[in-house]
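Below is one structure, written out as C-alpha cells, with a few remarks after it.
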Amino acid sequence: MSLKDKVETVEESKQLVIFKLGDEEFGVDILQVREIEKLDQQVTRVPKSPAFVEGVINLRGDIIPIVDLRKRFGLVVRQTSNEARIIIVDIDDGQVGMVVDSVVEVTRINVSAIETAPPITKGVDAYFLSGVAKINERLIIMLNLERALSPEEIKELDAIKVEDQDE
Amino acid sequence: METSQYLSVFMDECQEHLLTLNQSLLELEHDPENVPILDKIFRAAHTLKGASATMGFNKMANLTHALEDVLGKLRSKELTVSSELMNCLFEAVDSLEILTTTISEGKEEDIEISGTVQDLHRFISGGMEPVKTEQRQNLILRYLETEIEQITSATSSGAKIYHIDVTLVEDCLLKGARVFMVLREMEKLGTVIRSVPAVKDLEDENFDTRFVVGVLSTSYPEEFIKNITNIMDVEKVVVDEPALNQLQAEKRQESAVDHVEKKINTQTVRVEIKKLDDLMNLVGELVISRSRLESIGVNVNSRDLDEVIEQVGRLTLDLRDSVMKSRMIPVETVFSRFPRLVRDLAKELNKEIELEINGAETELDRTVIDEIGDPLVHIIRNSIDHGLESPEERERTGKSRQGKVILSARQEGNSVIITVSDNGKGFNLQKVKDKAVRNGVVTPEALAEMRPEQILELTFLPGFSTADKVSDVSGRGVGMDVVRNKVNTLGGVVSIASTEGEGSTISIRLPLTLAIIQTLVIQLGNEIYAIPSSYIEQITSLNRDEIKHIRQQEVFMLRGEVVPLVRLQDLLDTPGAKNPEIDDLDVVVLRIGDRLIGCIVDSLLRQQDVVIKSLGSYLGSIKGISGATILGDGRVALILDLRAVAA
C-alpha cells in the first residue's frame with residue numbers, strides 16, 4: 001500500500017444506515033440507530049398529534065411513537081410494501097420509530113465524503129440535514145435526527161417560509 | 001471509622017427523630033405536665049446525640065447534648081415549661097434541621113450554633129449572666145454496664161467511688177503530660193475506671209482545661225486533693241462522692257432508653273425506594289402477561305390450561321395488591337409537619353388558630369405523598385393568611401376568637417380525598433369577579449355565564465390574587481395555579497367550595513396508585529380506549545329518543561338531573577364511529593369534580609386493570625390522553641384523561 005492509501009484508511013469514518021424514502025436515499029449514523037423492525041403490527045393512532053406522527057406501537061413492552069418522514073418532508077408516499085421497515089432511533093426525548101420504504105444497506109464512509117447540504121435537497125430543507133454524502137454516483141442525504149423528528153421545529157420553519165413568501 | 005456508608009441511614013434516622021421532636025414539643029407546649037411526652041423527647045434527643053457523635057458531627061453532637069441537658073432538667077423538675085423555654089427548644093430543633101440539611105449537602109455543619117447552645121445553657125444554669133466556657137462544659141461520667149458491676153462489687157468490700165474533677169491552669173502548655181501525671185497519681189491511690197473526656201482525648205489534648213475521672217479507692221478524698229494539687233499546672237481539684245444507687249439508676253435509665261429504641265426498630269425494615277419501584281414494574285409486566293395468557297387460553301380451549309391461568313390470575317392480583325400496599329404510606333408523614341407550620345404562622349400573623357387533623361392513617365402511594373406536600377403547604381398558608389380573620393375581626397362578626405383549620409384525608413373507592421377547610425371569611429365572589437376582570441383573566445360576558453363554582457375556579461388561573469396586600473406568607477396568587485398543575489400531574493383534581501362569611505374548603509382528589517389502575521375498556525370506531533374507573537359514576541344505555549337538546553347541547557335526564565352528553569369521537573377525531581347511526585347507545589357517565597358528564601361510545605368491552613405506561617416526552621402532553629397501556633393482545637390502547645371533557 002502506498003503512503004497515501006495508508007493515510008486514507010486511518011482517516012475518520014462513520015458507519016451509516018442507508019434507507020429509502022420515496023426515490024431518495026437517506027442516511028443516519030448507526031450509533032443513533034437502536035434497531036430495525038418490520039412493519040407488521042398495528043399502529044395505534046394518537047389523536048391531536050402532528051400529522052406526520054402515525055401513532056404508537058408496542059415494542060416489547062415499551063411504547064414507541066412512530067413517525068412517517070415521507071409525510072414530514074412532503075415526499076411521495078408509496079403504498080407500504082413488504083420492504084417497508086421501522087428504524088428505531090435514539091433522540092433526546094427518547095426513542096422514536098421512523099417508517100421508511102426500505103433499508104438499503106449499512107456502509108462505512110469517510111467523513112471527508114460528507115459535504116454541507118445545499119439549501120434545498122430533493123425537496124428537503126437543509127435545516128433538517130447534517131450534510132450530503134457522495135458514494136460513487138449516489139447522493140446520500142444525511143439526516144439531522146433531532147431536527148428532523150422534532151415536532152416544534154416544523155412550526156417555526158413554516159412560519160419563516162410564510163414570511164419569505166410574503167417578501 | 002469509615003462512616004460515609006452509614007450516612008444515608010443516619011440521615012433517615014435524623015429525619016425521623018427531628019419529626020418526633022417537632023411533634024412532641026408541640027404536644028408538650030399544650031400539655032406541659034405530660035411526662036411520657038417529655039420522655040419521648042428526651043429519647044429522641046439522646047439517640048440523635050449518640051448517632052451524631054458516632055458519625056463525627058461534633059456541632060450536632062454538642063447541640064443535642066445541650067438539648068438533652070435541658071430536657072434532663074425538665075424531667076427532674078428543676079426547670080418548668082415556659083413559653084421562653086419552648087421557643088428556645090424549637091429554635092434548637094430548627095438548628096438541628098438546618099444542620100442535617102447542610103450535612104446532607106456535604107457542607108459539613110456549616111452553621112453557627114453557639115448562640116443556640118448558649119441559650120440552652122442559660123436554662124441549664126438558670127441565669128442570664130455570661131458563663132465561662134469551662135464551667136458550661138457538662139462533664140458527666142457514663143459508665144458501661146461492666147464498670148457499674150465492678151464499682152458495685154468494689155464498694156461492697158469497702159472501697160468508694162470518687163468523681164475527681166481536675167482543672168488545669170489556662171495557659172498550661174503540656175496538657176497531655178500533666179494529664180499523664182495526674183492519672184499516675186490517681187493510680188497510686190486507687191483504680192481509674194474511666195474519665196470524661198475519654199483518656200485518649202485527654203492524651204491527644206482534645207479538651208479544654210477540665211476533666212473528670214472516676215476512681216475506685218479505699219483512700220480518702222483529701223489525699224487525692226493534696227497529691228494532685230501538688231502537680232504543676234493543676235489549678236483546682238474537687239472530689240465528689242456519688243452514691244452508688246444514683247449511678248445504678250442513671251445506668252438503668254440509659255439502658256431503658258436504648259432498649260426502647262431497639263424494640264421500635266425491629267418492627268420495620270428500611271427498603272430503598274428503587275427496590276420497591278423495580279418490584280412494582282415487574283408486577284406490572286406480570287399483569288400484562290397474565291392478560292395475554294388469558295387471551296391465548298381462550299383460543300386453545302384446554303380446561304387444564306384455563307384452571308392454571310385462573311390461578312395465576314388470582315396470584316398475580318394478590319401480588320399486585322401486596323406490592324401496592326408496600327408502596328403505600330399513611331398521609332401522616334405529610335400531615336405531621338403542619339401543626340408546627342400552623343403554630344409558627346399563627347404567631348407570625350397574630351392570629352389564633354387551631355388545626356384539626358383527621359384520617360392521617362389514610363394511605364397513599366409513596367410517589368404521590370412526596371409530591372402532595374408542597375401544594376398542601378400552600379393551601380394551608382392561604383387559608384391562614386387570607387381565609388382566617390384576626391381574633392378581633394372574628395369577635396366583631398360574632399365568631400369565636402380562635403379560627404379553625406381542618407385537614408382531613410379519606411379513601412373513596414379508587415381515590416383518596418384530602419380536604420383543607422377553614423371557618424374563615426370565605427371567598428368574596430364579587431371581589432373574585434372584579435379581580436378576574438381587572439387582571440384580564442376573563443371577559444365580563446363570559447363571567448355572566450358562569451356558575452359560582454366556576455367563578456371560584458378562576459382563582460386557579462395564573463396571575464390571580466384576591467389578597468388586598470401581598471403578604472410575605474403566601475405572596476401573590478402564583479401558588480394556586482401551581483397547586484392545580486401539580487395535582488393534575490398526579491392524576492388528581494382540585495376544587496374549591498366556599499360560603500361567604502363562613503369559610504372555604506379546598507378538596508384534592510388523588511388516585512390511590514399511579515401505576516396500575518382499573519379501567520373500563522371501550523370501543524370507538526376501530527379504536528380502543530381505556531377510561532379510568534375512578535371517574536366513572538355509572539354506565540347506562542340510552543335510546544336515541546331520550547336525547548334532548550338545550551341550546552344545541554345534547555343532554556339527557558339521569559335521576560332527575562340534566563346531564564350533558566359528549567360523543568367521544570368529537571373529542572378524539574375518531575374516524576368511523578358508529579354511534580350516530582344506532583338507536584341504543586352506550587353511555588359512560590363520568591363524575592369530574594362535582595359535575596356529571598355522559599360520554600357516548602360505540603361499545604363497552606370490559607373492565608380491566610391496566611398498567612399505565614407513559615407516552616414519553618416526544619409526544620409531549622396531549623390534552624385528553626393521560627398515557628397508554630398494552631392490552632392483552634399486545635395492542636396499544638390510549639388511556640383517556642377526561643377532565644378535559646369537563647372543561
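In the C-alpha cells, the first chain shown is A, the next is B, and so on; residue numbers restart at 1 for each chain, and ligands run from 1 in the order shown.
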
Output as a Markdown table one row per residue of chain A within 7 Å of chain B: the closest atom pair and its distance in Å to one decimal place, counting only C-alpha atoms, sorted by chain and residue number ascending.
| residue | atom | partner | partner_atom | distance |
| --- | --- | --- | --- | --- |
| A:Thr44 | CA | B:Val636 | CA | 6.1 |
| A:Pro47 | CA | B:Leu572 | CA | 5.5 |
| A:Lys48 | CA | B:Ile622 | CA | 7.0 |
| A:Ile57 | CA | B:Val636 | CA | 6.4 |
| A:Asn58 | CA | B:Val636 | CA | 6.2 |
| A:Ile63 | CA | B:Leu615 | CA | 6.4 |
| A:Asp93 | CA | B:Tyr618 | CA | 5.0 |
| A:Gly94 | CA | B:Tyr618 | CA | 6.6 |

Worksheet item: Near A:Gly55, counting only C-alpha atoms, which residues have an atom at most 7 Å away, once you skip same-chain residues fewer than 5 positions from it, shown as JSON, numbers by chain?
Response: {"A": [43, 44, 45, 46, 65, 66]}

Fill in: Test item: residues at most 9 Å from B:Asn227, only C-alpha atoms, excluding those fewer than 4 positions along its chain, as a list in words
Val182, Glu185, Met186, Glu222, Glu223 and Ile231 of chain B

Discussion item. Using only C-alpha atoms, which protein or nucleic acid residues come within 9 Å of B:Val493? Drop anything in the same chain fewer than 4 positions from it, and give the result as a count of residues only.
Written reply: 10

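Within 9 Å of A:Asn82, once only C-alpha atoms are used and residues closer than 6 positions along the same chain are dropped, the contacting residues are Lys38, Leu39, Asp101 and Ser102 of chain A.
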
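Taking only C-alpha atoms into account, A:Arg85 lies nearest to A:Ile36 out of the set A:Ile36, A:Ala113, A:Ile64, A:Val53.
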
Worksheet entry | Gap from atom CA of B:Lys548 to atom CA of B:Ile455 - Å, one decimal | 27.3 Å

Worksheet item: Among stretch 43-160 of chain B, which residues carry a DSSP assignment of helix (DSSP H, G or I), reported as a count of residues only?
Response: 81

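For the set B:Leu447, B:Arg75, B:Leu456, B:Pro36, the residue with the smallest atom-to-atom gap to B:Val432 is B:Leu456, counting only C-alpha atoms.
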
Worksheet item: Near A:Val106, within 7 Å and counting only C-alpha atoms, which residues show up once chain neighbours fewer than 5 positions away are dropped, as a ChimeraX atom specification?
Response: /A:15-18

Just C-alpha atoms for this one: save the residues we selected as a compact mmCIF listing (two decimals), in the first residue's frame.
# COMPACT_ATOMS: atom_id res chain seq x y z
CA GLN A 15 -20.94 3.93 9.68
CA LEU A 16 -24.32 4.75 8.15
CA VAL A 17 -27.63 3.04 7.84
CA ILE A 18 -28.92 3.92 4.38

Worksheet item: So how many Å separate atom CA of B:Met55 and atom CA of B:Ser104, to one decimal?
Response: 12.6 Å

Residue contacts of B:Glu412 (10 Å, only C-alpha atoms) excluding same-chain residues fewer than 4 positions away, as a short mmCIF file (atom, residue, chain, number, x, y, z; two decimals) with N, CA and C atoms, in the first residue's frame:
data_model
loop_
_atom_site.label_atom_id
_atom_site.label_comp_id
_atom_site.auth_asym_id
_atom_site.auth_seq_id
_atom_site.Cartn_x
_atom_site.Cartn_y
_atom_site.Cartn_z
N VAL B 416 -58.22 8.92 46.95
CA VAL B 416 -58.10 9.47 48.29
C VAL B 416 -58.50 10.93 48.18
N ILE B 417 -59.36 11.38 49.08
CA ILE B 417 -59.78 12.79 49.06
C ILE B 417 -59.14 13.50 50.24
N ARG B 509 -58.66 15.45 45.04
CA ARG B 509 -58.93 14.02 44.85
C ARG B 509 -57.72 13.42 44.14
N LEU B 510 -57.13 12.39 44.74
CA LEU B 510 -55.93 11.77 44.16
C LEU B 510 -56.14 10.29 43.91
N PRO B 511 -55.56 9.77 42.86
CA PRO B 511 -55.70 8.33 42.63
C PRO B 511 -54.88 7.56 43.66
N LEU B 512 -55.37 6.40 44.03
CA LEU B 512 -54.67 5.60 45.05
C LEU B 512 -53.31 5.15 44.58
N SER B 534 -62.05 5.27 38.20
CA SER B 534 -62.27 6.20 39.31
C SER B 534 -63.14 7.38 38.91
#

Item to complete: Using backbone DSSP assignments, extract all strand (DSSP E or B) residues from stretch 491-618 of chain B; output them as a PyMOL selection string.
Response: chain B and resi 493-499+503-511+516-524+527-532+536-543+548-550+553-558+561-567+584-592+595-601+603-611+613

Take the residues from that selection and put them in a file with C-alpha atoms, as a compact mmCIF listing (two decimals), in the first residue's frame.
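Output below, filename result03.txt:
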# COMPACT_ATOMS: atom_id res chain seq x y z
CA VAL B 493 -58.47 17.02 40.66
CA VAL B 494 -58.58 20.08 42.92
CA SER B 495 -61.72 22.13 43.60
CA ILE B 496 -62.92 24.95 45.84
CA ALA B 497 -66.17 25.35 47.69
CA SER B 498 -66.90 28.43 49.74
CA THR B 499 -69.61 30.23 51.65
CA GLY B 503 -65.37 29.61 55.34
CA SER B 504 -63.90 27.67 52.45
CA THR B 505 -62.99 24.10 51.64
CA ILE B 506 -60.35 23.06 49.15
CA SER B 507 -60.60 19.43 48.06
CA ILE B 508 -58.00 17.36 46.33
CA ARG B 509 -58.93 14.02 44.85
CA LEU B 510 -55.93 11.77 44.16
CA PRO B 511 -55.70 8.33 42.63
CA ILE B 516 -51.90 0.25 37.84
CA ILE B 517 -55.47 1.35 37.58
CA GLN B 518 -58.85 -0.14 36.96
CA THR B 519 -60.35 0.91 33.70
CA LEU B 520 -63.32 0.41 31.51
CA VAL B 521 -62.20 -0.52 28.01
CA ILE B 522 -64.43 0.87 25.28
CA GLN B 523 -64.55 0.87 21.54
CA LEU B 524 -64.99 3.82 19.25
CA GLU B 527 -60.13 2.16 18.04
CA ILE B 528 -59.93 1.01 21.62
CA TYR B 529 -59.61 3.32 24.61
CA ALA B 530 -59.42 2.89 28.37
CA ILE B 531 -61.33 5.09 30.78
CA PRO B 532 -60.10 5.09 34.40
CA ILE B 536 -66.99 6.53 36.28
CA GLU B 537 -70.17 7.25 38.14
CA GLN B 538 -72.25 4.69 36.30
CA ILE B 539 -72.85 3.06 32.95
CA THR B 540 -76.20 3.33 31.29
CA SER B 541 -77.85 2.91 27.95
CA LEU B 542 -79.93 5.47 26.20
CA ASN B 543 -82.44 5.26 23.48
CA LYS B 548 -82.83 16.16 24.43
CA HIS B 549 -81.27 19.36 23.30
CA ILE B 550 -80.62 22.50 25.32
CA GLN B 553 -76.07 20.81 23.53
CA GLU B 554 -77.16 17.18 23.71
CA VAL B 555 -78.34 16.22 27.18
CA PHE B 556 -80.31 13.53 28.91
CA MET B 557 -82.07 13.03 32.22
CA LEU B 558 -80.41 10.96 34.89
CA GLU B 561 -80.79 15.69 36.82
CA VAL B 562 -79.90 17.15 33.43
CA VAL B 563 -76.60 15.66 32.29
CA PRO B 564 -74.72 16.94 29.24
CA LEU B 565 -73.71 14.40 26.61
CA VAL B 566 -70.49 14.18 24.69
CA ARG B 567 -69.88 11.97 21.69
CA ASP B 584 -79.44 2.08 21.55
CA LEU B 585 -76.49 3.98 22.84
CA ASP B 586 -73.96 3.02 25.47
CA VAL B 587 -73.27 5.94 27.74
CA VAL B 588 -70.50 6.10 30.32
CA VAL B 589 -71.47 8.64 32.95
CA LEU B 590 -68.43 10.33 34.47
CA ARG B 591 -68.11 12.38 37.60
CA ILE B 592 -65.45 15.02 37.22
CA ARG B 595 -70.22 17.55 37.63
CA LEU B 596 -71.64 14.69 35.69
CA ILE B 597 -70.95 14.16 32.01
CA GLY B 598 -72.27 11.39 29.81
CA CYS B 599 -69.85 10.04 27.18
CA ILE B 600 -71.35 8.20 24.24
CA VAL B 601 -69.22 5.33 22.99
CA SER B 603 -69.45 -0.33 22.67
CA LEU B 604 -68.38 -1.32 26.11
CA LEU B 605 -65.82 -4.06 26.02
CA ARG B 606 -64.79 -4.99 29.52
CA GLN B 607 -63.42 -3.85 32.84
CA GLN B 608 -59.69 -4.28 33.01
CA ASP B 609 -56.76 -3.48 35.25
CA VAL B 610 -54.09 -1.81 33.23
CA VAL B 611 -50.55 -0.70 33.78
CA LYS B 613 -47.29 3.49 30.51

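Atom CA of B:Leu286 to atom CA of B:Asp318 spans 11.8 Å [interatomic distance, one decimal].
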